[in-house]
Amino acid sequence: MEMVIGGAFQGKAAFAEKMYPGISWVKGNEISREELFSARGVVGFHEFIKKEMEQGSSVEALAEELIRKNPEVILVSDEVGYGVVPVDAFQRAYREVVGRTCTKLASFSRKVTRVVCGIGTVIKHD
Amino acid sequence: MMILVTGGSGSGKSAFAEDCVIACGEMPRIYIATMYPFDEESRKRVKRHRDMRFGKGFETVECYTGLSGVKVPEGCIVLLECMSNLVANEFFREDGTHENTEVEILKGIRNLKTQAENLIVVTNEIFSEAASYEGETEAYQKVLGKVNQRLGIMADSVVEVVYGIPVYHKKGGDFHEKSVEQL
C-alpha cells in the first residue's frame with residue numbers, strides 16, 4: 001500500500017498519475033466497498049469515507065479490512081483535519097474518522113507522499 | 001528539553017507525544033489534562049485518552065485555566081494536552097483571563113519549564129481550511145496561532161504529526177532560520 005495525501009486542490013491526483021503510471025484509477029465517491037477492495041488506485045479516498053458515513057455504514061474497521069483485502073492499493077486522500085473544529089456533529093465525526101483511518105493506513109503503507117503546491121515530499125518510505 | 005507536537009485532528013499527535021514520554025525513560029510522568037468534560041462527546045474523548053494512557057504510569061493533573069499556578073514534582077516529565085483546549089478555556093471561560101490569554105499561557109509554560117526536566121506540549125493546527133470565521137472564533141484562532149509561534153521559539157524541537165508520521169520543522173535546538181523572530 002502507498003498513499004498520496006495533502007490539502008484540497010494541490011495536484012495530488014495529477015502527481016499520483018505521474019508517480020504510478022499505468023494504473024487505473026477509480027473515484028472514492030463512486031465506488032462500493034467491493035470495488036474499493038479490488039481497486040488498483042483510488043483518488044478521493046476521503047470521499048469514500050464520507051459517502052459510507054452518510055449512508056450509515058460502519059467505518060470503524062475500514063482500515064483493517066482494507067489492509068487485509070487490498071494491501072497493494074494506491075490511495076489518494078485529502079487531509080481534512082486542519083481547521084477549526086466544526087459545530088456540526090457529522091462534520092466533526094467525519095474529519096476525525098478520516099484522520100484515524102488514514103493514520104492506520106499510513107502506518108501500514110510502505111510509502112507516504114505529501115503534496116503541497118503540486119510538489120510531492122516523501123514523508124515515509126520503508 | 002521541550003518538544004512541541006502539532007498536527008490536525010485525528011492525526012496521531014497524542015500517541016506520538018506519549019511515545020516521546022516513554023522514550024525519555026524513567027522519571028515521574030505528569031499528564032496535564034485540559035479538556036473540561038462538559039458533554040457526552042467530550043466525556044468520550046477524555047475516556048479515549050485515559051484508555052490510551054492506561055498502564056503508562058502517568059499521574060493526571062487537571063488544569064482548565066490558570067496554568068501559571070500549577071505545581072509539578074521537580075525532575076519530572078510533563079505532557080500537556082492540548083493547547084487548543086487550554087487557550088479556548090482561558091479565552092472563553094468565565095474563570096479565564098480572556099484578552100490576557102496569551103500572556104497567561106506563556107507564563108504557565110515558563111512556570112512548567114522551570115519545574116520539569118522535560119516538557120512536551122501538544123497543540124493543534126486549526127488554521128488551514130476554506131471556511132473563514134469572524135468575531136470570537138477568529139480572535140481565538142489568532143491567539144492560538146500566536147501562542148503556537150511563541151512555543152515554537154521556546155521548544156527545542158517542533159514536530160508536526162501527519163497521519164502518525166513525524167515531520168520535523170525544528171530539531172534538537174538548532175538555530176531555526178525560519179522562526180519569525182529571526183526574520
# chains A, B, ... in the order shown; residues from 1 in each chain; ligands from 1
$ closest_atom_pairs --of "chain A" --to "chain B" --cutoff "9 Å" --atoms "only C-alpha atoms" --output "JSON lines"
{"residue": "A:Gly7", "atom": "CA", "partner": "B:Ser128", "partner_atom": "CA", "distance": 8.6}
{"residue": "A:Glu79", "atom": "CA", "partner": "B:Gly8", "partner_atom": "CA", "distance": 8.3}
{"residue": "A:Val80", "atom": "CA", "partner": "B:Gly8", "partner_atom": "CA", "distance": 7.9}
{"residue": "A:Gly81", "atom": "CA", "partner": "B:Ser9", "partner_atom": "CA", "distance": 4.6}
{"residue": "A:Tyr82", "atom": "CA", "partner": "B:Gly8", "partner_atom": "CA", "distance": 4.7}
{"residue": "A:Gly83", "atom": "CA", "partner": "B:Ile126", "partner_atom": "CA", "distance": 3.9}
{"residue": "A:Val84", "atom": "CA", "partner": "B:Ile126", "partner_atom": "CA", "distance": 4.8}
{"residue": "A:Val85", "atom": "CA", "partner": "B:Ile126", "partner_atom": "CA", "distance": 7.5}
{"residue": "A:Arg95", "atom": "CA", "partner": "B:Ser9", "partner_atom": "CA", "distance": 7.1}
{"residue": "A:Glu96", "atom": "CA", "partner": "B:Gly10", "partner_atom": "CA", "distance": 4.9}
{"residue": "A:Val97", "atom": "CA", "partner": "B:Gly10", "partner_atom": "CA", "distance": 7.2}
{"residue": "A:Val98", "atom": "CA", "partner": "B:Gly10", "partner_atom": "CA", "distance": 7.6}
{"residue": "A:Gly99", "atom": "CA", "partner": "B:Gly10", "partner_atom": "CA", "distance": 4.4}
{"residue": "A:Arg100", "atom": "CA", "partner": "B:Gly10", "partner_atom": "CA", "distance": 5.2}
{"residue": "A:Thr101", "atom": "CA", "partner": "B:Gly10", "partner_atom": "CA", "distance": 8.7}
{"residue": "A:Cys102", "atom": "CA", "partner": "B:Tyr163", "partner_atom": "CA", "distance": 6.0}
{"residue": "A:Thr103", "atom": "CA", "partner": "B:Tyr163", "partner_atom": "CA", "distance": 4.0}
{"residue": "A:Lys104", "atom": "CA", "partner": "B:Tyr163", "partner_atom": "CA", "distance": 7.6}
{"residue": "A:Leu105", "atom": "CA", "partner": "B:Tyr163", "partner_atom": "CA", "distance": 8.4}
{"residue": "A:Ala106", "atom": "CA", "partner": "B:Tyr163", "partner_atom": "CA", "distance": 6.3}
{"residue": "A:Ser107", "atom": "CA", "partner": "B:Gly164", "partner_atom": "CA", "distance": 6.9}
{"residue": "A:Val112", "atom": "CA", "partner": "B:Ile165", "partner_atom": "CA", "distance": 8.9}
{"residue": "A:Ile123", "atom": "CA", "partner": "B:Val167", "partner_atom": "CA", "distance": 7.0}
{"residue": "A:Lys124", "atom": "CA", "partner": "B:Ile165", "partner_atom": "CA", "distance": 7.0}
$ write_last_selection --atoms "C-alpha atoms" --output "compact mmCIF listing (two decimals), in the first residue's frame"
# COMPACT_ATOMS: atom_id res chain seq x y z
CA GLY A 7 -4.85 19.54 1.20
CA GLU A 79 -6.14 15.87 4.71
CA VAL A 80 -9.26 17.37 6.28
CA GLY A 81 -8.33 17.97 9.92
CA TYR A 82 -6.55 21.31 9.71
CA GLY A 83 -9.40 23.65 10.50
CA VAL A 84 -11.48 24.87 13.42
CA VAL A 85 -13.47 22.01 14.98
CA ARG A 95 -12.90 14.64 9.84
CA GLU A 96 -11.84 12.63 12.85
CA VAL A 97 -12.65 9.30 11.17
CA VAL A 98 -10.68 10.34 8.07
CA GLY A 99 -7.74 11.14 10.36
CA ARG A 100 -7.87 7.92 12.37
CA THR A 101 -8.43 5.74 9.30
CA CYS A 102 -5.63 7.34 7.30
CA THR A 103 -3.29 7.18 10.31
CA LYS A 104 -3.77 3.40 10.47
CA LEU A 105 -3.33 3.07 6.71
CA ALA A 106 -0.22 5.29 6.74
CA SER A 107 1.26 3.11 9.45
CA VAL A 112 3.53 8.10 2.02
CA ILE A 123 7.39 11.69 4.46
CA LYS A 124 7.60 7.94 4.90
$ residues_around --residues "Lys171 (chain B)" --least-positions-apart "4" --cutoff "8 Å" --atoms "only C-alpha atoms" --output "MDAnalysis selection string"
chainID B and resid 156:159
$ residues_around --residues "region 24-34 of chain A" --least-positions-apart "2" --cutoff "6 Å" --atoms "only C-alpha atoms" --output "ChimeraX atom specification"
/A:36-37,41-45,47-48
$ residues_around --residues "Leu144 (chain B)" --least-positions-apart "6" --cutoff "8 Å" --atoms "only C-alpha atoms" --output "PyMOL selection string"
chain B and resi 83-84+87+102
$ write_last_selection --atoms "N, CA and C atoms" --output "mmCIF file, in the first residue's frame"
data_model
loop_
_atom_site.group_PDB
_atom_site.id
_atom_site.type_symbol
_atom_site.label_atom_id
_atom_site.label_comp_id
_atom_site.auth_asym_id
_atom_site.auth_seq_id
_atom_site.Cartn_x
_atom_site.Cartn_y
_atom_site.Cartn_z
ATOM 1 N N MET B 83 -3.104 22.273 23.889
ATOM 2 C CA MET B 83 -3.045 23.728 23.956
ATOM 3 C C MET B 83 -4.290 24.382 23.369
ATOM 4 N N SER B 84 -4.908 23.760 22.364
ATOM 5 C CA SER B 84 -6.097 24.368 21.761
ATOM 6 C C SER B 84 -7.254 24.430 22.769
ATOM 7 N N VAL B 87 -6.187 27.182 25.570
ATOM 8 C CA VAL B 87 -6.380 28.539 25.060
ATOM 9 C C VAL B 87 -7.883 28.858 24.989
ATOM 10 N N GLU B 102 -2.882 35.013 26.045
ATOM 11 C CA GLU B 102 -1.528 34.712 25.547
ATOM 12 C C GLU B 102 -0.493 34.868 26.665
#
$ select_by_dssp --residues "chain A" --states "helix (DSSP H, G or I)" --output "PyMOL selection string"
chain A and resi 12-19+28-30+33-38+45-54+62-69+89-108
$ write_last_selection --atoms "C-alpha atoms" --output "short mmCIF file (atom, residue, chain, number, x, y, z; two decimals), in the first residue's frame"
data_model
loop_
_atom_site.label_atom_id
_atom_site.label_comp_id
_atom_site.auth_asym_id
_atom_site.auth_seq_id
_atom_site.Cartn_x
_atom_site.Cartn_y
_atom_site.Cartn_z
CA LYS A 12 -2.43 15.16 -5.72
CA ALA A 13 -4.24 13.17 -8.41
CA ALA A 14 -2.03 14.51 -11.22
CA PHE A 15 1.00 13.77 -9.10
CA ALA A 16 -0.21 10.24 -8.37
CA GLU A 17 -0.93 9.56 -12.05
CA LYS A 18 2.65 10.54 -12.88
CA MET A 19 4.14 8.66 -9.95
CA GLY A 28 -13.83 7.30 -3.86
CA ASN A 29 -17.32 8.79 -4.04
CA GLU A 30 -18.37 6.50 -6.90
CA ARG A 33 -16.78 -1.44 -0.77
CA GLU A 34 -16.22 -4.38 -3.10
CA GLU A 35 -14.81 -2.05 -5.74
CA LEU A 36 -12.57 -0.42 -3.12
CA PHE A 37 -11.22 -3.83 -2.15
CA SER A 38 -10.33 -4.69 -5.75
CA PHE A 45 -10.40 8.21 -0.64
CA HIS A 46 -11.76 10.67 1.96
CA GLU A 47 -14.90 10.97 -0.20
CA PHE A 48 -15.38 7.23 0.10
CA ILE A 49 -15.36 7.56 3.89
CA LYS A 50 -17.82 10.45 3.73
CA LYS A 51 -20.17 8.52 1.44
CA GLU A 52 -20.10 5.45 3.69
CA MET A 53 -20.78 7.55 6.80
CA GLU A 54 -23.64 9.38 5.07
CA LEU A 62 -12.43 0.06 7.40
CA ALA A 63 -8.66 0.48 7.66
CA GLU A 64 -8.10 -3.07 8.95
CA GLU A 65 -10.41 -4.51 6.30
CA LEU A 66 -8.70 -2.60 3.50
CA ILE A 67 -5.26 -3.69 4.71
CA ARG A 68 -6.43 -7.31 4.71
CA LYS A 69 -8.29 -7.30 1.41
CA ALA A 89 -21.60 16.81 14.76
CA PHE A 90 -21.43 14.84 11.48
CA GLN A 91 -18.66 17.07 10.10
CA ARG A 92 -16.79 16.73 13.38
CA ALA A 93 -17.03 12.93 13.32
CA TYR A 94 -16.19 12.76 9.61
CA ARG A 95 -12.90 14.64 9.84
CA GLU A 96 -11.84 12.63 12.85
CA VAL A 97 -12.65 9.30 11.17
CA VAL A 98 -10.68 10.34 8.07
CA GLY A 99 -7.74 11.14 10.36
CA ARG A 100 -7.87 7.92 12.37
CA THR A 101 -8.43 5.74 9.30
CA CYS A 102 -5.63 7.34 7.30
CA THR A 103 -3.29 7.18 10.31
CA LYS A 104 -3.77 3.40 10.47
CA LEU A 105 -3.33 3.07 6.71
CA ALA A 106 -0.22 5.29 6.74
CA SER A 107 1.26 3.11 9.45
CA PHE A 108 0.79 0.08 7.18
#
$ residues_around --residues "Gly172 (chain B)" --least-positions-apart "3" --cutoff "12 Å" --atoms "only C-alpha atoms" --output "list in words"
Met1, Met2, Ile3, Leu4, Met154, Ala155, Asp156, Ser157, Val158, Val159, Tyr168, His169, Phe175 and His176 of chain B
$ write_last_selection --atoms "C-alpha atoms" --output "mmCIF file, in the first residue's frame"
data_model
loop_
_atom_site.group_PDB
_atom_site.id
_atom_site.type_symbol
_atom_site.label_atom_id
_atom_site.label_comp_id
_atom_site.auth_asym_id
_atom_site.auth_seq_id
_atom_site.Cartn_x
_atom_site.Cartn_y
_atom_site.Cartn_z
ATOM 1 C CA MET B 1 14.106 19.803 26.915
ATOM 2 C CA MET B 2 10.862 20.959 25.361
ATOM 3 C CA ILE B 3 9.050 19.404 22.408
ATOM 4 C CA LEU B 4 6.082 20.976 20.668
ATOM 5 C CA MET B 154 10.766 28.157 23.201
ATOM 6 C CA ALA B 155 10.781 24.497 22.119
ATOM 7 C CA ASP B 156 13.930 22.558 21.267
ATOM 8 C CA SER B 157 12.015 20.529 18.707
ATOM 9 C CA VAL B 158 8.821 21.210 16.796
ATOM 10 C CA VAL B 159 7.206 18.236 15.153
ATOM 11 C CA TYR B 168 10.143 17.859 11.924
ATOM 12 C CA HIS B 169 10.038 21.621 11.492
ATOM 13 C CA PHE B 175 19.262 27.616 15.053
ATOM 14 C CA HIS B 176 15.942 27.796 13.326
#
